[in-house]
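See below for the structure under consideration.
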Amino acid sequence: MEQIAVIGTTTWGTTLAIHIAHKGIPVSLLTRTKEETSDLIRANENTRFLPGIPFPKSLEITNSQVQALENATILVIAVPSQSFRINLLQIKKHLNDSSIILSATKGLERVSALRMSQIIEESLSPSISEATCVLSGPNLAKEVSFGKPSLSVVASKSTKSAQRIQHILTSNTFRIYTSSDLIGVEIGGALKNIIALGSGICDGFDFGENAKSAFITRGLAEITRLGVAAGANPRTFAGLAGLGDLIATATSELSRNRYVGQQLARGIKLSDILTGMDNVAEGVHTTTAALTLAKELGVDM
């Protein structure tokens, strides 16, 4: 039987841990500290990021890496992109060559402009890298946590690994497709956050739906152009990890990146916006990384 470890008590990490546990699969949610573990166990929910959603009995909360990881067959990493590498290095000693990593992080590393699967490739063994999967799609965490119908896509170089993840995540309300286009799925999931910032700016300035729709459409064209230059299949950007994710993130009131853009348009300083947020708006750092990547690939953005 599969044993799942989720690294990251973020909104998305908690949502995925609860979702998998509801299927009767043993899940350990790895916290950062004893205090965080105690708080989550006492409340029986993540009051900071996902209040009102109780933990299933089969969900174990622990800050012990050994306890969470030593028997885990699949590790789900759902942490901010800028801390992805350090989290990976911290758990590295507990992994073996049969471990499958599922990255649920959507972003690019600011300094290197690397995708999360590339960081895994740099940091871990080839066997783990080849089996790595990434999850992306129009998945606003709160909607998934409330059991609203959602779809997503898992991409991997390994068809077998992608199908294992598909089986674990698929439910009556959460349908998973598979893809072999690791690059396209990651690029789409990362860069849509940038377009969501701009969409929020459109809303903040009250430019209207015509302008916002045009901006989103041209944004998708830029995402596709950069993705293809990086080696992605252009058709990926017409699917769940491209257009689907872009629509949700650029238009929803639940979108953090859209919120940041909206507040910027209203004259609030970026530092003040980010300080006042519990969650991370990935588009802020990904903008810098995307421009670096575009320059490396000779793509005009």
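Quick note on naming: the chains in the structure tokens go A, B, ... in the order shown, residues restart at 1 in each chain, and ligands are numbered from 1 in order of appearance.
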DSSP-assigned helix (DSSP H, G or I) members of segment 79-168 of chain A, reported as JSON, numbers by chain: {"A": [81, 82, 83, 84, 85, 86, 87, 88, 89, 90, 91, 92, 93, 94, 116, 117, 118, 119, 120, 121, 122, 123, 126, 127, 128, 129, 130, 131, 141, 142, 143, 144, 145, 159, 160, 161, 162, 163, 164, 165, 166, 167, 168]}
Restrict the selected residues to C-alpha atoms and save them as a short mmCIF file (atom, residue, chain, number, x, y, z; two decimals), in the first residue's frame.
```
data_model
loop_
_atom_site.label_atom_id
_atom_site.label_comp_id
_atom_site.auth_asym_id
_atom_site.auth_seq_id
_atom_site.Cartn_x
_atom_site.Cartn_y
_atom_site.Cartn_z
CA SER A 81 9.19 27.98 -5.00
CA GLN A 82 11.88 30.10 -3.34
CA SER A 83 12.21 27.61 -0.48
CA PHE A 84 11.80 24.50 -2.63
CA ARG A 85 15.54 23.78 -2.91
CA ILE A 86 16.25 24.09 0.81
CA ASN A 87 13.29 21.85 1.67
CA LEU A 88 14.50 19.28 -0.84
CA LEU A 89 18.02 19.26 0.61
CA GLN A 90 16.66 18.88 4.12
CA ILE A 91 14.78 15.68 3.26
CA LYS A 92 17.35 14.29 0.82
CA LYS A 93 18.95 11.88 3.31
CA HIS A 94 15.61 10.14 3.87
CA MET A 116 11.14 22.69 -9.72
CA SER A 117 11.83 19.48 -11.63
CA GLN A 118 15.17 20.93 -12.72
CA ILE A 119 16.08 21.63 -9.09
CA ILE A 120 15.23 18.01 -8.31
CA GLU A 121 17.42 16.90 -11.22
CA GLU A 122 20.31 19.00 -9.89
CA SER A 123 19.92 17.82 -6.31
CA PRO A 126 18.93 10.25 -11.78
CA SER A 127 16.47 7.50 -10.84
CA ILE A 128 14.47 9.87 -8.64
CA SER A 129 14.66 12.63 -11.23
CA GLU A 130 13.35 10.38 -14.01
CA ALA A 131 10.32 9.41 -11.91
CA ALA A 141 -7.10 25.16 -3.07
CA LYS A 142 -10.18 26.25 -1.16
CA GLU A 143 -12.50 24.97 -3.90
CA VAL A 144 -10.73 21.61 -3.93
CA SER A 145 -10.88 21.42 -0.13
CA THR A 159 4.29 7.19 -17.60
CA LYS A 160 4.21 4.65 -14.78
CA SER A 161 4.89 7.31 -12.14
CA ALA A 162 2.29 9.68 -13.56
CA GLN A 163 -0.31 6.91 -13.55
CA ARG A 164 0.47 6.05 -9.91
CA ILE A 165 -0.10 9.67 -8.91
CA GLN A 166 -3.23 9.81 -11.04
CA HIS A 167 -4.64 6.80 -9.18
CA ILE A 168 -3.83 8.29 -5.78
#
```
Near Gly107 of chain A, counting only C-alpha atoms, which residues have an atom at most 10 Å away, once you skip same-chain residues fewer than 3 positions from it, shown as a CSV table (one decimal) with N, CA and C atoms, in the first residue's frame?
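Result file follows (out06.csv):
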```
chain,number,residue,atom,x,y,z
A,80,PRO,N,6.6,27.1,-1.1
A,80,PRO,CA,6.9,28.2,-2.0
A,80,PRO,C,8.1,27.9,-2.8
A,81,SER,N,8.1,28.3,-4.1
A,81,SER,CA,9.2,28.0,-5.0
A,81,SER,C,10.6,28.5,-4.5
A,82,GLN,N,10.6,29.6,-3.8
A,82,GLN,CA,11.9,30.1,-3.3
A,82,GLN,C,12.5,29.3,-2.2
A,84,PHE,N,11.9,25.9,-2.1
A,84,PHE,CA,11.8,24.5,-2.6
A,84,PHE,C,13.1,23.8,-2.5
A,104,ALA,N,4.1,20.0,-6.2
A,104,ALA,CA,2.8,20.7,-6.3
A,104,ALA,C,3.1,22.2,-6.2
A,110,ARG,N,14.0,32.2,-8.4
A,110,ARG,CA,14.3,33.5,-8.8
A,110,ARG,C,15.8,33.7,-9.3
A,113,ALA,N,16.3,30.8,-12.3
A,113,ALA,CA,15.2,30.6,-13.3
A,113,ALA,C,14.9,29.2,-13.6
A,114,LEU,N,15.2,28.3,-12.7
A,114,LEU,CA,15.0,26.9,-12.9
A,114,LEU,C,13.5,26.5,-12.5
A,115,ARG,N,13.0,25.5,-13.2
A,115,ARG,CA,11.7,24.9,-12.8
A,115,ARG,C,12.0,23.9,-11.6
A,116,MET,N,10.9,23.5,-10.9
A,116,MET,CA,11.1,22.7,-9.7
A,116,MET,C,11.7,21.3,-10.1
A,186,GLU,N,5.0,22.7,-16.2
A,186,GLU,CA,5.6,23.6,-15.2
A,186,GLU,C,5.6,25.1,-15.7
A,187,ILE,N,5.9,25.3,-16.9
A,187,ILE,CA,6.0,26.7,-17.4
A,187,ILE,C,4.6,27.3,-17.4
A,188,GLY,N,3.6,26.6,-17.8
A,188,GLY,CA,2.2,27.1,-17.7
A,188,GLY,C,1.8,27.4,-16.3
A,189,GLY,N,2.1,26.5,-15.4
A,189,GLY,CA,1.7,26.7,-14.0
A,189,GLY,C,2.5,27.9,-13.3
A,190,ALA,N,3.7,28.1,-13.7
A,190,ALA,CA,4.5,29.2,-13.2
A,190,ALA,C,4.1,30.6,-13.7
A,191,LEU,N,4.1,30.7,-15.1
A,191,LEU,CA,3.9,32.0,-15.7
A,191,LEU,C,2.5,32.5,-15.6
A,192,LYS,N,1.5,31.7,-15.5
A,192,LYS,CA,0.2,32.2,-15.3
A,192,LYS,C,0.0,33.1,-14.1
A,193,ASN,N,0.9,32.9,-13.1
A,193,ASN,CA,0.8,33.8,-11.9
A,193,ASN,C,1.2,35.3,-12.3
A,194,ILE,N,2.1,35.4,-13.3
A,194,ILE,CA,2.5,36.7,-13.7
A,194,ILE,C,1.4,37.4,-14.4
A,281,ALA,N,2.4,35.0,-2.9
A,281,ALA,CA,2.0,35.3,-4.3
A,281,ALA,C,3.2,35.0,-5.2
A,282,GLU,N,3.2,33.8,-5.8
A,282,GLU,CA,4.4,33.3,-6.6
A,282,GLU,C,4.7,34.2,-7.8
A,283,GLY,N,3.8,34.9,-8.3
A,283,GLY,CA,4.0,35.7,-9.5
A,283,GLY,C,5.1,36.8,-9.3
A,284,VAL,N,5.2,37.3,-8.1
A,284,VAL,CA,6.2,38.4,-7.8
A,284,VAL,C,7.6,37.9,-8.2
A,285,HIS,N,8.1,36.8,-7.6
A,285,HIS,CA,9.4,36.4,-7.8
A,285,HIS,C,9.5,35.7,-9.2
A,286,THR,N,8.5,35.1,-9.7
A,286,THR,CA,8.5,34.4,-11.0
A,286,THR,C,8.7,35.4,-12.1
A,287,THR,N,8.2,36.6,-11.9
A,287,THR,CA,8.4,37.6,-13.0
A,287,THR,C,9.8,37.8,-13.3
A,289,ALA,N,12.3,35.8,-12.6
A,289,ALA,CA,12.9,34.6,-13.1
A,289,ALA,C,12.5,34.3,-14.6
A,290,ALA,N,11.3,34.7,-14.9
A,290,ALA,CA,10.8,34.5,-16.3
A,290,ALA,C,11.6,35.4,-17.3
```
Taking the DSSP secondary structure from the backbone, can you list the residues of segment 115-158 of chain A that are strand (DSSP E), as a list in words?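 Taking segment 115-158 of chain A and keeping strand (DSSP E) gives Cys133, Val134, Leu135, Ser136, Ser150, Leu151, Ser152, Val153, Val154, Ala155 and Ser156 of chain A.
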Those same residues, written as a short mmCIF file (atom, residue, chain, number, x, y, z; two decimals), in the first residue's frame with C-alpha atoms?
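Output (selection.cif):
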```
data_model
loop_
_atom_site.label_atom_id
_atom_site.label_comp_id
_atom_site.auth_asym_id
_atom_site.auth_seq_id
_atom_site.Cartn_x
_atom_site.Cartn_y
_atom_site.Cartn_z
CA CYS A 133 5.99 14.22 -11.33
CA VAL A 134 4.52 17.72 -11.31
CA LEU A 135 0.92 18.71 -10.61
CA SER A 136 -0.73 21.71 -12.23
CA SER A 150 -11.89 20.22 -10.18
CA LEU A 151 -9.49 18.82 -12.75
CA SER A 152 -5.72 18.77 -12.89
CA VAL A 153 -2.84 17.26 -14.82
CA VAL A 154 0.17 15.26 -13.63
CA ALA A 155 3.21 15.36 -15.88
CA SER A 156 6.28 13.13 -15.78
#
```
Ala232 of chain A environment, 10 Å, only C-alpha atoms, sequence neighbours closer than 5 positions dropped, as a ChimeraX atom specification: /A:180-188,224-227,237
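Note that the spacing between atom CA of Phe55 of chain A and atom CA of Leu169 of chain A amounts to 17.0 Å.
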Give me the residues within 8 Å of Leu140 of chain A as a PDB file with N, CA and C atoms, in the first residue's frame, counting only C-alpha atoms and dropping any in the same chain fewer than 6 places off.
```pdb
ATOM      1  N   ALA A 248      -8.513  30.502 -14.212  1.00  0.00           N
ATOM      2  CA  ALA A 248      -8.833  30.468 -12.779  1.00  0.00           C
ATOM      3  C   ALA A 248      -8.023  31.502 -12.006  1.00  0.00           C
ATOM      4  N   THR A 249      -6.728  31.546 -12.256  1.00  0.00           N
ATOM      5  CA  THR A 249      -5.852  32.415 -11.464  1.00  0.00           C
ATOM      6  C   THR A 249      -6.002  33.886 -11.817  1.00  0.00           C
ATOM      7  N   LEU A 254     -10.410  34.374  -5.393  1.00  0.00           N
ATOM      8  CA  LEU A 254      -9.568  33.576  -4.493  1.00  0.00           C
ATOM      9  C   LEU A 254      -8.084  33.633  -4.864  1.00  0.00           C
ATOM     10  N   SER A 255      -7.775  34.238  -6.009  1.00  0.00           N
ATOM     11  CA  SER A 255      -6.403  34.257  -6.515  1.00  0.00           C
ATOM     12  C   SER A 255      -5.535  35.264  -5.768  1.00  0.00           C
TER      13      SER A 255
END
```
What does the distance from atom CA of Ala72 of chain A to atom CA of Val280 of chain A come to in Å, to one decimal?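 Here the two named atoms are 27.1 Å from each other.
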